[in-house]
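Single-structure report; data block below.
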Number of protein chains: 2
Amino acid sequence: MTPATAPQAAASQTLARCRELVQPALVEAVERLHPWLAEMAAHALGWTRSEDGFRPGSQGKGVRQALAVLCAEAVGAPAECALAGAVTVELVHTFSLVHDDIMDGDETRRQRESTWKAYGPGPAILAGDAMCALAAQILCDAPAAQVGAAVRHLADALHDMARGQADDLSFEFRSWAGPDAVRVHEYRSMAEHKTGALLGCATGLGAVLAGAPAATVAGLTRAGRHLGVAFQAVDDLLGIWGDPQDTGKPVYSDLRRLKKTYPVLAALATDTGAAGQLIGILESGGTLDDAGARQAADLIEEAGGRHATRSEAQQHLNRAHDCLTALDLEPTACDEIRTLLPFLIHRSA
Amino acid sequence: MTPATAPQAAASQTLARCRELVQPALVEAVERLHPWLAEMAAHALGWTRSEDGFRPGSQGKGVRQALAVLCAEAVGAPAECALAGAVTVELVHTFSLVHDDIMDGDETRRQRESTWKAYGPGPAILAGDAMCALAAQILCDAPAAQVGAAVRHLADALHDMARGQADDLSFEFRSWAGPDAVRVHEYRSMAEHKTGALLGCATGLGAVLAGAPAATVAGLTRAGRHLGVAFQAVDDLLGIWGDPQDTGKPVYSDLRRLKKTYPVLAALATDTGAAGQLIGILESGGTLDDAGARQAADLIEEAGGRHATRSEAQQHLNRAHDCLTALDLEPTACDEIRTLLPFLIHRSA
């Protein structure tokens, strides 16, 4: 742990303010579910149950809810306008984690058992479906003038997320080299769908629910999508070089599973000796052991894959900033968004 | 096979007319999906792929799409008004079958492998999620004045379906007798959510998209929900006494798996000797063999469970008719709906 810098502290404060604002509405929403499904949703959200209901606990940072709130404020509306949007994107984020963990066979999430591991795959599928339905219901409670556009944002994001996840799953069946190999631009498109769509939904929904004009909504949506691509690139760095104490995952975890992520694909795209050696290791099949994973990580770094991924994250972060600059936004909220963005990139978990 | 009676022929004709009308829009919708997800959706829909795209094949009867179309016509609108609603409910129905088959471990559906069996559970979860997202997108394309109410119908139905399925799954963990036993009224509520919600969504959406007044929408929604309860009761009869050649399932299939369905619960609710003997067989645990299942089926019949289930179906069918009678509907379309209803109840698969 390094001591927090002033901008980091400001970002943490912004996230905490938004969490505090959204939490009661999120708890109320989850309580609308069938009790068994609510229990699973609470588990997935990292909550515990106390005598008088659910107690939000060691959940995620709440990036998506914060973006929805801040974007409403950035177009001059009170934060409360964005509440339905903030709850919706947190529910959809949680639903997608629950289903993704089943698809990927991941047994832990947020330092506890993943939902399917704790409750079984069938119930976890159902809990995810119910959270998704609830998210749509919550948006339908928004003011009538905004419901159509808001639901359109949600439906488009859900469809894009499924498309991105389909690409990600199918990359697994593609080869490491030759004409069938996954290209960096395909990976970027996957990340924009899988991760960017929901961040873009969060920023866009905040603006939609605040009644912002279409051009502003489009600009904030684009900012969110770029942020998503940057976010995924950082996830990929952490999946290889992250500290197991911070990430809760084994060292080199993505490499052990031979997952096709940005650093690997960027390394393979170079005309270096390291790339050639890397192919040999990756094509050996199965999973990699400690030594193999370490060697692959070193070769990726030598071929420039680690640097290229950092640069990918920074470029998309810059483009998110550019999207904000192009819009006429309320300065205080816009500054809060700008403080948040690098915090999401320079993270250790 | 018995020869079709005149009303049966008329009902088949109505279903065929609606299928023909909706099919092109449904194919177009499925083609919007990621190619891999589209392939799974087509599989789940019973379609085959030809050189120039998907070919609808041995799919279901298309009850839900027909109800959406007929209800739009019944409130005086052209069938085309209901297209988005018809496509939406078929997609949601298919999505729910794909996810339910995973939860229930069912390996076949519509005379072919279930989607998870053919493609794996992970991809099947994703295909279901994508169909659900697509359904919401399709509704967002409806005329602006109707989108809010239409999406509300869909979101409420999705939430109710999850609630019903949660009840159905949790009934499995309840006992056959004593204070924890599942009561008939709880089962009916489950059926109204699990099966009735989507039929009510179909009838309601047809009316919403036709611009019908709220009272008419509510009346048609209620009719659909009653039809759903009747439909589920008939499903339960077929799950025990259905002809394996028609249903594609082994004889007594629900009893073998010790599933808590209406006929069993109605039999157990009687104060008969047969009910007492039935408890003994059901509480022996595990699954039932041929002899055990046959004996249980005979005891259910002796205790009146088969008769009570037929009567349950008929009562809810009557209530659906009553809902139609209470509304001022266009006579030709209303007659088509009335012809359809008994056809859905007196079925063999």
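Starting from 1 in every chain, residues are counted up; chains themselves are A, B, ... following the order of the structure tokens, and ligands are numbered from 1 as listed.
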
Can you tell me which residues surround Pro123 in chain B at a distance of at most 8 Å, considering only C-alpha atoms, apart from same-chain residues fewer than 4 positions away, and format the answer as a PDB file with all heavy atoms, in the first residue's frame?
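The resulting file, around_20.pdb, is reproduced below:
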ATOM      1  N   MET A 103     -19.906 -18.746 -16.732  1.00  0.00           N
ATOM      2  CA  MET A 103     -19.309 -19.061 -18.045  1.00  0.00           C
ATOM      3  C   MET A 103     -17.814 -19.327 -17.926  1.00  0.00           C
ATOM      4  O   MET A 103     -17.278 -20.191 -18.610  1.00  0.00           O
ATOM      5  CB  MET A 103     -19.523 -17.889 -19.016  1.00  0.00           C
ATOM      6  CG  MET A 103     -20.976 -17.658 -19.368  1.00  0.00           C
ATOM      7  SD  MET A 103     -21.175 -16.244 -20.496  1.00  0.00           S
ATOM      8  CE  MET A 103     -22.680 -15.534 -19.846  1.00  0.00           C
ATOM      9  N   ALA A 166     -19.554 -12.798 -26.241  1.00  0.00           N
ATOM     10  CA  ALA A 166     -19.521 -13.855 -27.268  1.00  0.00           C
ATOM     11  C   ALA A 166     -18.176 -13.833 -27.990  1.00  0.00           C
ATOM     12  O   ALA A 166     -17.572 -14.879 -28.236  1.00  0.00           O
ATOM     13  CB  ALA A 166     -20.666 -13.670 -28.264  1.00  0.00           C
TER      14      ALA A 166
ATOM     15  N   LEU B  37     -24.301 -16.364 -31.443  1.00  0.00           N
ATOM     16  CA  LEU B  37     -25.515 -16.299 -30.620  1.00  0.00           C
ATOM     17  C   LEU B  37     -26.756 -16.515 -31.491  1.00  0.00           C
ATOM     18  O   LEU B  37     -27.727 -17.149 -31.061  1.00  0.00           O
ATOM     19  CB  LEU B  37     -25.583 -14.952 -29.887  1.00  0.00           C
ATOM     20  CG  LEU B  37     -24.365 -14.616 -29.003  1.00  0.00           C
ATOM     21  CD1 LEU B  37     -24.513 -13.232 -28.383  1.00  0.00           C
ATOM     22  CD2 LEU B  37     -24.178 -15.674 -27.915  1.00  0.00           C
ATOM     23  N   TRP B 116     -28.137 -25.880 -24.252  1.00  0.00           N
ATOM     24  CA  TRP B 116     -26.936 -26.074 -23.422  1.00  0.00           C
ATOM     25  C   TRP B 116     -26.269 -27.409 -23.733  1.00  0.00           C
ATOM     26  O   TRP B 116     -25.049 -27.531 -23.666  1.00  0.00           O
ATOM     27  CB  TRP B 116     -27.256 -25.953 -21.926  1.00  0.00           C
ATOM     28  CG  TRP B 116     -28.031 -27.105 -21.345  1.00  0.00           C
ATOM     29  CD1 TRP B 116     -29.383 -27.188 -21.203  1.00  0.00           C
ATOM     30  CD2 TRP B 116     -27.502 -28.340 -20.831  1.00  0.00           C
ATOM     31  NE1 TRP B 116     -29.728 -28.389 -20.637  1.00  0.00           N
ATOM     32  CE2 TRP B 116     -28.594 -29.120 -20.391  1.00  0.00           C
ATOM     33  CE3 TRP B 116     -26.214 -28.862 -20.691  1.00  0.00           C
ATOM     34  CZ2 TRP B 116     -28.445 -30.382 -19.821  1.00  0.00           C
ATOM     35  CZ3 TRP B 116     -26.062 -30.122 -20.129  1.00  0.00           C
ATOM     36  CH2 TRP B 116     -27.168 -30.869 -19.703  1.00  0.00           C
ATOM     37  N   TYR B 119     -24.474 -26.779 -27.169  1.00  0.00           N
ATOM     38  CA  TYR B 119     -23.427 -25.750 -27.243  1.00  0.00           C
ATOM     39  C   TYR B 119     -22.660 -25.538 -25.939  1.00  0.00           C
ATOM     40  O   TYR B 119     -21.704 -24.766 -25.902  1.00  0.00           O
ATOM     41  CB  TYR B 119     -24.035 -24.405 -27.677  1.00  0.00           C
ATOM     42  CG  TYR B 119     -24.581 -24.416 -29.085  1.00  0.00           C
ATOM     43  CD1 TYR B 119     -25.896 -24.781 -29.357  1.00  0.00           C
ATOM     44  CD2 TYR B 119     -23.763 -24.061 -30.157  1.00  0.00           C
ATOM     45  CE1 TYR B 119     -26.392 -24.798 -30.656  1.00  0.00           C
ATOM     46  CE2 TYR B 119     -24.242 -24.066 -31.453  1.00  0.00           C
ATOM     47  CZ  TYR B 119     -25.561 -24.439 -31.694  1.00  0.00           C
ATOM     48  OH  TYR B 119     -26.045 -24.452 -32.972  1.00  0.00           O
ATOM     49  N   ALA B 127     -26.482 -16.847 -24.858  1.00  0.00           N
ATOM     50  CA  ALA B 127     -27.473 -16.743 -25.935  1.00  0.00           C
ATOM     51  C   ALA B 127     -28.820 -16.295 -25.356  1.00  0.00           C
ATOM     52  O   ALA B 127     -29.514 -15.461 -25.941  1.00  0.00           O
ATOM     53  CB  ALA B 127     -27.618 -18.075 -26.662  1.00  0.00           C
TER      54      ALA B 127
END

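Residues in contact with Leu126 in chain B at 10 Å, where only C-alpha atoms are counted and same-chain residues fewer than 6 positions away are skipped, are listed as Ser96, His99, Asp100, Met103, Met161, Ala162, Arg163, Gln165, Ala166 and Leu169 of chain A; Leu37, Met40, Phe95, Val98, His99 and Cys132 of chain B.
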
Interface list for chain A, partner chain B, 7 Å threshold, only C-alpha atoms, as an MDAnalysis selection string: chainID A and resid 34 102:103 122 126 129:130 133:134 136:137 140 147:148 152 155:156 158:159 162:163

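Each of A:Lys260, A:Ser311, A:Thr94, A:Leu83 was checked against Asp168 in chain A using only C-alpha atoms; the smallest atom-to-atom distance is that of A:Lys260.
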